[in-house]
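Next up, query_22.cif (mmCIF, C-alpha atoms):
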data_entry
#
loop_
_atom_site.label_atom_id
_atom_site.label_comp_id
_atom_site.auth_asym_id
_atom_site.auth_seq_id
_atom_site.Cartn_x
_atom_site.Cartn_y
_atom_site.Cartn_z
CA MET A 1 35.67 137.00 149.61
CA SER A 2 34.67 138.76 152.78
CA ALA A 3 35.00 136.83 156.00
CA LYS A 4 31.42 137.23 157.07
CA LYS A 5 28.62 135.19 155.56
CA THR A 6 25.82 136.59 157.67
CA ARG A 7 22.48 135.88 156.03
CA ARG A 8 20.50 139.05 156.26
CA PRO A 9 16.82 138.97 155.37
CA LEU A 10 16.45 140.46 151.92
CA VAL A 11 13.84 143.14 151.83
CA ALA A 12 12.58 143.68 148.31
CA ARG A 13 10.88 146.95 147.60
CA LEU A 14 7.91 147.16 145.27
CA ARG A 15 7.28 150.32 143.30
CA PRO A 16 3.65 150.45 142.20
CA VAL A 17 3.33 150.93 138.43
CA GLY A 18 -0.27 152.08 138.59
CA VAL A 19 -3.55 151.93 140.46
CA ILE A 20 -7.03 150.38 140.20
CA ARG A 21 -9.94 152.76 139.70
CA SER A 22 -13.09 150.85 140.59
CA THR A 23 -16.64 151.41 141.69
CA LEU A 24 -15.82 148.98 144.53
CA ARG A 25 -14.93 151.29 147.38
CA ARG A 26 -14.72 149.01 150.37
CA ARG A 27 -13.09 145.65 150.95
CA SER A 28 -16.13 144.49 152.88
CA LEU A 29 -18.28 144.90 149.77
CA ALA A 30 -15.90 143.28 147.29
CA PRO A 31 -16.55 139.80 145.85
CA ARG A 32 -13.98 137.21 146.89
CA GLN A 33 -12.99 136.42 143.30
CA GLY A 34 -13.35 138.24 140.02
CA SER A 35 -15.58 135.46 138.74
CA GLU A 36 -18.06 136.03 141.57
CA GLY A 37 -19.85 139.03 140.18
CA ALA A 38 -17.00 141.56 140.20
CA PRO A 39 -17.20 144.61 137.92
CA ASP A 40 -14.82 145.84 135.29
CA ALA A 41 -12.44 148.57 136.42
CA TRP A 42 -9.83 150.98 135.11
CA LEU A 43 -6.17 150.26 135.56
CA ASP A 44 -4.24 153.53 135.36
CA ILE A 45 -0.58 153.02 134.56
CA ASP A 46 1.86 155.74 135.63
CA ALA A 47 3.62 157.65 132.86
CA TRP A 48 7.08 156.39 133.82
CA ALA A 49 5.98 152.78 133.18
CA ALA A 50 3.81 153.38 130.11
CA GLU A 51 6.38 151.98 127.69
CA ALA A 52 5.98 148.56 129.30
CA LEU A 53 2.41 148.41 127.90
CA ASP A 54 3.57 148.21 124.27
CA GLY A 55 2.14 145.09 122.71
CA LEU A 56 -0.96 144.75 124.92
CA HIS A 57 -4.24 144.80 123.04
CA ALA A 58 -7.98 144.68 123.72
CA GLY A 59 -9.02 141.06 124.08
CA ASP A 60 -5.76 139.93 125.68
CA GLU A 61 -5.92 137.75 128.76
CA ILE A 62 -3.57 139.08 131.42
CA ILE A 63 -2.76 138.59 135.08
CA VAL A 64 -2.81 141.81 137.07
CA ILE A 65 -0.71 141.65 140.23
CA THR A 66 -1.85 143.98 142.97
CA TRP A 67 -0.71 144.88 146.45
CA PHE A 68 -3.59 144.48 148.93
CA HIS A 69 -2.77 147.66 150.81
CA GLN A 70 -5.48 147.11 153.44
CA SER A 71 -4.42 143.59 154.37
CA ARG A 72 -2.99 142.25 157.58
CA ARG A 73 0.44 140.69 157.22
CA ASP A 74 0.49 138.94 160.59
CA VAL A 75 -2.26 136.45 159.73
CA PHE A 76 -1.01 132.94 158.97
CA ARG A 77 -4.18 130.87 159.22
CA VAL A 78 -7.77 131.74 158.33
CA HIS A 79 -11.19 130.20 158.07
CA PRO A 80 -11.55 129.99 154.27
CA ARG A 81 -14.08 132.46 152.88
CA SER A 82 -14.40 133.88 156.43
CA ASP A 83 -16.78 131.01 157.22
CA GLU A 84 -16.06 129.60 160.66
CA ARG A 85 -17.51 126.26 159.61
CA ASN A 86 -14.39 125.91 157.44
CA PRO A 87 -11.43 124.68 159.52
CA LEU A 88 -8.48 127.00 160.12
CA THR A 89 -6.20 126.74 157.09
CA GLY A 90 -2.77 128.13 156.31
CA VAL A 91 -3.02 131.22 154.12
CA PHE A 92 -0.71 129.63 151.50
CA ALA A 93 -3.52 127.11 150.90
CA THR A 94 -6.08 129.91 150.47
CA ARG A 95 -6.58 133.10 148.48
CA SER A 96 -7.03 135.18 151.63
CA PRO A 97 -5.89 138.79 151.11
CA ASP A 98 -4.42 138.64 154.61
CA ARG A 99 -0.99 137.00 154.25
CA PRO A 100 2.69 137.79 154.88
CA ASN A 101 3.13 139.46 151.48
CA PRO A 102 -0.37 140.53 150.40
CA LEU A 103 -0.03 140.15 146.66
CA GLY A 104 -3.19 139.67 144.62
CA LEU A 105 -3.39 137.73 141.36
CA HIS A 106 -6.22 138.79 139.08
CA PRO A 107 -6.77 136.99 135.78
CA VAL A 108 -8.71 139.47 133.65
CA VAL A 109 -9.50 140.34 130.06
CA VAL A 110 -8.38 143.65 128.57
CA ARG A 111 -11.62 145.25 127.39
CA ALA A 112 -10.06 148.42 125.96
CA ILE A 113 -6.91 150.52 126.09
CA LYS A 114 -6.97 154.33 126.07
CA GLY A 115 -3.47 155.71 126.33
CA THR A 116 -2.13 154.54 129.68
CA ARG A 117 -5.56 153.44 130.96
CA LEU A 118 -6.64 149.83 130.59
CA ARG A 119 -10.24 148.78 131.04
CA VAL A 120 -10.02 145.29 132.58
CA GLY A 121 -12.28 142.80 134.22
CA PRO A 122 -13.92 141.26 135.96
CA ILE A 123 -11.79 142.26 138.93
CA GLU A 124 -12.55 142.25 142.65
CA ALA A 125 -9.77 144.66 143.68
CA ILE A 126 -11.10 147.79 145.35
CA ASP A 127 -10.59 151.38 144.28
CA ARG A 128 -7.04 152.70 144.82
CA THR A 129 -5.45 149.25 145.07
CA PRO A 130 -1.84 149.60 143.88
CA VAL A 131 -0.83 147.58 140.81
CA VAL A 132 2.71 146.20 140.83
CA ASP A 133 2.91 144.05 137.69
CA ILE A 134 1.06 142.81 134.61
CA LYS A 135 1.81 139.54 132.84
CA PRO A 136 0.28 137.85 129.81
CA VAL A 137 -1.48 134.53 130.32
CA LEU A 138 0.65 131.94 128.56
CA MET B 1 -0.32 168.70 129.04
CA SER B 2 2.35 168.66 131.74
CA ALA B 3 2.32 164.97 132.44
CA LYS B 4 5.13 164.73 134.92
CA LYS B 5 6.87 161.39 134.98
CA THR B 6 6.82 161.27 138.73
CA ARG B 7 7.54 157.90 140.25
CA ARG B 8 5.45 156.59 143.05
CA PRO B 9 7.41 156.02 146.25
CA LEU B 10 8.65 152.55 147.11
CA VAL B 11 5.84 151.88 149.51
CA ALA B 12 5.51 148.12 149.69
CA ARG B 13 8.17 145.96 151.24
CA LEU B 14 8.32 142.25 150.57
CA ARG B 15 9.65 139.94 153.21
CA PRO B 16 10.66 136.64 151.63
CA VAL B 17 8.95 133.64 153.24
CA GLY B 18 11.44 131.13 151.90
CA VAL B 19 13.90 130.28 149.17
CA ILE B 20 14.27 127.99 146.15
CA ARG B 21 16.91 125.27 146.35
CA SER B 22 17.54 124.10 142.81
CA THR B 23 20.16 122.39 140.72
CA LEU B 24 19.77 125.37 138.35
CA ARG B 25 22.61 127.64 139.42
CA ARG B 26 22.69 130.32 136.75
CA ARG B 27 20.03 132.38 135.08
CA SER B 28 21.72 131.89 131.71
CA LEU B 29 21.16 128.14 131.97
CA ALA B 30 17.54 128.21 133.17
CA PRO B 31 14.64 127.31 130.87
CA ARG B 32 12.32 130.21 130.09
CA GLN B 33 9.27 128.45 131.50
CA GLY B 34 8.78 125.55 133.87
CA SER B 35 7.15 123.59 131.07
CA GLU B 36 10.28 123.86 128.94
CA GLY B 37 12.31 121.15 130.60
CA ALA B 38 12.75 122.69 134.04
CA PRO B 39 13.59 120.41 136.98
CA ASP B 40 11.82 119.95 140.28
CA ALA B 41 13.27 121.94 143.17
CA TRP B 42 12.97 122.36 146.91
CA LEU B 43 11.09 125.29 148.35
CA ASP B 44 12.35 125.91 151.89
CA ILE B 45 9.90 127.91 153.96
CA ASP B 46 11.29 129.91 156.89
CA ALA B 47 10.18 128.80 160.35
CA TRP B 48 8.32 132.05 161.08
CA ALA B 49 5.98 131.43 158.12
CA ALA B 50 5.56 127.65 158.51
CA GLU B 51 2.06 127.90 159.94
CA ALA B 52 0.86 129.32 156.62
CA LEU B 53 1.55 125.93 154.99
CA ASP B 54 -1.23 124.15 156.92
CA GLY B 55 -3.61 122.55 154.46
CA LEU B 56 -1.17 122.10 151.56
CA HIS B 57 -0.74 118.50 150.42
CA ALA B 58 1.25 116.50 147.91
CA GLY B 59 -0.53 116.62 144.58
CA ASP B 60 -1.83 120.17 145.04
CA GLU B 61 -1.44 122.64 142.19
CA ILE B 62 -0.07 125.91 143.49
CA ILE B 63 1.37 129.16 142.20
CA VAL B 64 4.73 130.03 143.70
CA ILE B 65 5.51 133.74 143.57
CA THR B 66 9.21 134.54 143.50
CA TRP B 67 11.35 137.65 143.47
CA PHE B 68 13.80 137.56 140.56
CA HIS B 69 16.67 138.93 142.57
CA GLN B 70 19.06 139.08 139.60
CA SER B 71 16.73 141.05 137.35
CA ARG B 72 17.03 144.54 135.96
CA ARG B 73 14.23 146.88 136.98
CA ASP B 74 14.94 149.60 134.45
CA VAL B 75 14.01 147.52 131.39
CA PHE B 76 10.63 148.39 129.90
CA ARG B 77 10.80 146.75 126.47
CA VAL B 78 12.49 143.54 125.36
CA HIS B 79 12.83 141.28 122.36
CA PRO B 80 10.63 138.35 123.49
CA ARG B 81 12.64 135.25 124.29
CA SER B 82 15.80 137.33 123.75
CA ASP B 83 15.39 136.76 120.02
CA GLU B 84 16.10 139.95 118.09
CA ARG B 85 13.87 138.75 115.28
CA ASN B 86 10.97 139.36 117.67
CA PRO B 87 10.02 143.07 117.73
CA LEU B 88 10.62 145.11 120.88
CA THR B 89 7.66 144.52 123.17
CA GLY B 90 6.61 146.08 126.47
CA VAL B 91 7.54 143.83 129.39
CA PHE B 92 3.91 143.77 130.60
CA ALA B 93 3.11 141.85 127.40
CA THR B 94 5.92 139.35 128.08
CA ARG B 95 7.16 137.07 130.84
CA SER B 96 10.60 138.69 130.85
CA PRO B 97 12.23 138.50 134.30
CA ASP B 98 13.51 142.03 133.69
CA ARG B 99 10.62 144.36 134.66
CA PRO B 100 9.88 147.17 137.12
CA ASN B 101 8.85 144.75 139.89
CA PRO B 102 10.53 141.45 139.02
CA LEU B 103 7.93 139.05 140.41
CA GLY B 104 7.84 135.53 139.01
CA LEU B 105 4.70 133.38 138.77
CA HIS B 106 5.38 129.65 138.75
CA PRO B 107 2.47 127.21 138.45
CA VAL B 108 3.80 123.94 139.90
CA VAL B 109 2.67 120.69 141.45
CA VAL B 110 3.55 119.86 145.05
CA ARG B 111 5.41 116.55 144.77
CA ALA B 112 6.03 116.05 148.50
CA ILE B 113 6.11 117.95 151.79
CA LYS B 114 8.72 117.28 154.47
CA GLY B 115 8.24 119.61 157.40
CA THR B 116 8.78 123.11 156.05
CA ARG B 117 10.32 121.86 152.77
CA LEU B 118 8.14 121.46 149.69
CA ARG B 119 9.29 119.53 146.68
CA VAL B 120 7.72 121.35 143.71
CA GLY B 121 8.01 121.39 139.98
CA PRO B 122 8.68 121.77 137.25
CA ILE B 123 10.14 125.20 138.06
CA GLU B 124 12.65 127.34 136.17
CA ALA B 125 13.64 129.57 139.11
CA ILE B 126 17.34 129.35 139.93
CA ASP B 127 18.93 128.35 143.22
CA ARG B 128 18.55 130.94 146.00
CA THR B 129 15.63 132.74 144.36
CA PRO B 130 13.55 134.28 147.18
CA VAL B 131 9.93 133.09 147.50
CA VAL B 132 7.42 135.74 148.57
CA ASP B 133 4.04 133.98 148.39
CA ILE B 134 2.24 130.73 147.60
CA LYS B 135 -1.35 130.50 146.39
CA PRO B 136 -3.57 127.57 145.45
CA VAL B 137 -4.73 127.29 141.85
CA LEU B 138 -8.48 127.87 141.95
#
Written as structure tokens, how would this file's structure read?
Amino acid sequence: MSAKKTRRPLVARLRPVGVIRSTLRRRSLAPRQGSEGAPDAWLDIDAWAAEALDGLHAGDEIIVITWFHQSRRDVFRVHPRSDERNPLTGVFATRSPDRPNPLGLHPVVVRAIKGTRLRVGPIEAIDRTPVVDIKPVL
Amino acid sequence: MSAKKTRRPLVARLRPVGVIRSTLRRRSLAPRQGSEGAPDAWLDIDAWAAEALDGLHAGDEIIVITWFHQSRRDVFRVHPRSDERNPLTGVFATRSPDRPNPLGLHPVVVRAIKGTRLRVGPIEAIDRTPVVDIKPVL
């Protein structure tokens, strides 16, 4: 046992496993949720992570976890849906992309799989959004 | 045909916003899902992120996102539920905690809130698991 028990903040590092390829190019034009008119998109998985796709099939319901690379991480309260008539609310009570760790959860259906490319949707993530994980819906 | 297995750089850094305080002390003793007999636990939010809790209430359904700090990140296929009778399956088609970015999704109910401590459950995350985000169930 070492003498010191200093609690250092753990910094976990995410390595993107792929990227979203979407016709949505700008955050300002994206729907707030996939169910609000978002398109289907391609999810391109990097070769090094391709093995982790084994067992996924067209028709599966999955949760895509993204990293909102354009988000602000110093925002703790927002007006929900950017509507100032809604009272300021803590971001943990909202789906705001601006939050301390800007992770996005996207429940989608796998439309098709072509090699390491998954067609998924509907999904509101914009083009080039990094993907960090995929999980099946249980 | 020269698909290089280049890895994307570790671009995203997670800063934990809090920690799980649970009676579950070891991964080997934890249920595989919260619904499989997991206990309630405390979620202690750090003071710097407390403002983000505004608007959460007892009774709310939320998704707690954790970082499985004891996981292996070099595992791409597993026997689901650690049962070798189940065929090897890509981790993106399973909820294995071993995966390239070991994020955990925990749908729970907020039982009570005391300051910056949330009583939540049921949740299978073990004691000291870092929490990186909280989202409402939509």
Residue with smallest distance to chain B - pool A:Asn101, A:Thr116, A:Ser35, A:Ser22, counting only C-alpha atoms: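 Closest to chain B of all the choices is A:Asn101.
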Relative to chain B, what is the Cα RMSD of chain A after a least-squares superposition using every Cα atom paired in order?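 The C-alpha RMSD comes to 4.2 Å.
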Pick from A:Arg72, A:Arg85, A:His57, A:Lys135: nearest to Arg111 in chain A, with all atoms listed in the file counted? A:His57
Which residue, A:Phe76, A:Ala125, A:Gly18, A:Pro136, has the smallest gap to Arg95 in chain B when you use only C-alpha atoms?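 Of A:Phe76, A:Ala125, A:Gly18, A:Pro136, the one nearest Arg95 in chain B, counting only C-alpha atoms, is A:Pro136.
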Report, in Å to a single decimal, how far apart CA of Glu124 in chain A and CA of Asp74 in chain B are.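 We find that CA of Asp74 in chain B and CA of Glu124 in chain A lie 29.6 Å from each other.
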How far is it from CA of Leu56 in chain B to CA of Arg13 in chain A, in Å with one decimal?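 Those two atoms sit 27.9 Å apart.
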Restricting the calculation to all atoms listed in the file, which member of A:Val78, A:Pro87, A:Pro130, A:Val17 is positioned closest to Glu51 in chain A? A:Val17
Could you check how far CA of Ala58 in chain A sits from CA of Leu138 in chain B, in Å to one decimal?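 Between CA of Ala58 in chain A and CA of Leu138 in chain B the gap works out to 24.8 Å.
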Take every atom of range 36-54 of chain A listed in the file, fit an axis-aligned box around them, add 4 Å per side, and give the centre and edge lengths in Å to one decimal as AutoDock Vina command-line options.
--center_x -6.4 --center_y 146.8 --center_z 132.9 --size_x 34.9 --size_y 29.6 --size_z 25.3
Expansion of the PyMOL selection byres ((chain B) within 7 of (chain A)) into residues, as an MDAnalysis selection string: chainID B and resid 5:16 51:56 76:77 89:95 101 132:136
Could you save the residues just selected, with C-alpha atoms, as a compact mmCIF listing (two decimals), in the frame of the given file?
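See part.txt below for the written result:
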# COMPACT_ATOMS: atom_id res chain seq x y z
CA LYS B 5 6.87 161.39 134.98
CA THR B 6 6.82 161.27 138.73
CA ARG B 7 7.54 157.90 140.25
CA ARG B 8 5.45 156.59 143.05
CA PRO B 9 7.41 156.02 146.25
CA LEU B 10 8.65 152.55 147.11
CA VAL B 11 5.84 151.88 149.51
CA ALA B 12 5.51 148.12 149.69
CA ARG B 13 8.17 145.96 151.24
CA LEU B 14 8.32 142.25 150.57
CA ARG B 15 9.65 139.94 153.21
CA PRO B 16 10.66 136.64 151.63
CA GLU B 51 2.06 127.90 159.94
CA ALA B 52 0.86 129.32 156.62
CA LEU B 53 1.55 125.93 154.99
CA ASP B 54 -1.23 124.15 156.92
CA GLY B 55 -3.61 122.55 154.46
CA LEU B 56 -1.17 122.10 151.56
CA PHE B 76 10.63 148.39 129.90
CA ARG B 77 10.80 146.75 126.47
CA THR B 89 7.66 144.52 123.17
CA GLY B 90 6.61 146.08 126.47
CA VAL B 91 7.54 143.83 129.39
CA PHE B 92 3.91 143.77 130.60
CA ALA B 93 3.11 141.85 127.40
CA THR B 94 5.92 139.35 128.08
CA ARG B 95 7.16 137.07 130.84
CA ASN B 101 8.85 144.75 139.89
CA VAL B 132 7.42 135.74 148.57
CA ASP B 133 4.04 133.98 148.39
CA ILE B 134 2.24 130.73 147.60
CA LYS B 135 -1.35 130.50 146.39
CA PRO B 136 -3.57 127.57 145.45
How would you write, as a list of chain:residue names, the residues chosen by the PyMOL selection byres ((chain A and resi 120) around 10) on this structure?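 So the PyMOL selection byres ((chain A and resi 120) around 10) ends up selecting A:Ile20, A:Pro39, A:Asp40, A:Ala41, A:Trp42, A:Leu43, A:Ala58, A:Gly59, A:Asp60, A:Glu61, A:Ile62, A:Val64, A:His106, A:Pro107, A:Val108, A:Val109, A:Val110, A:Arg111, A:Ala112, A:Ile113, A:Arg117, A:Leu118, A:Arg119, A:Gly121, A:Pro122, A:Ile123.
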Among listed residues B:Asp127, B:Asp83, B:Asp98, B:Glu36, nearest Ser71 in chain B (using only C-alpha atoms):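 So, comparing all the options, the nearest one is B:Asp98.
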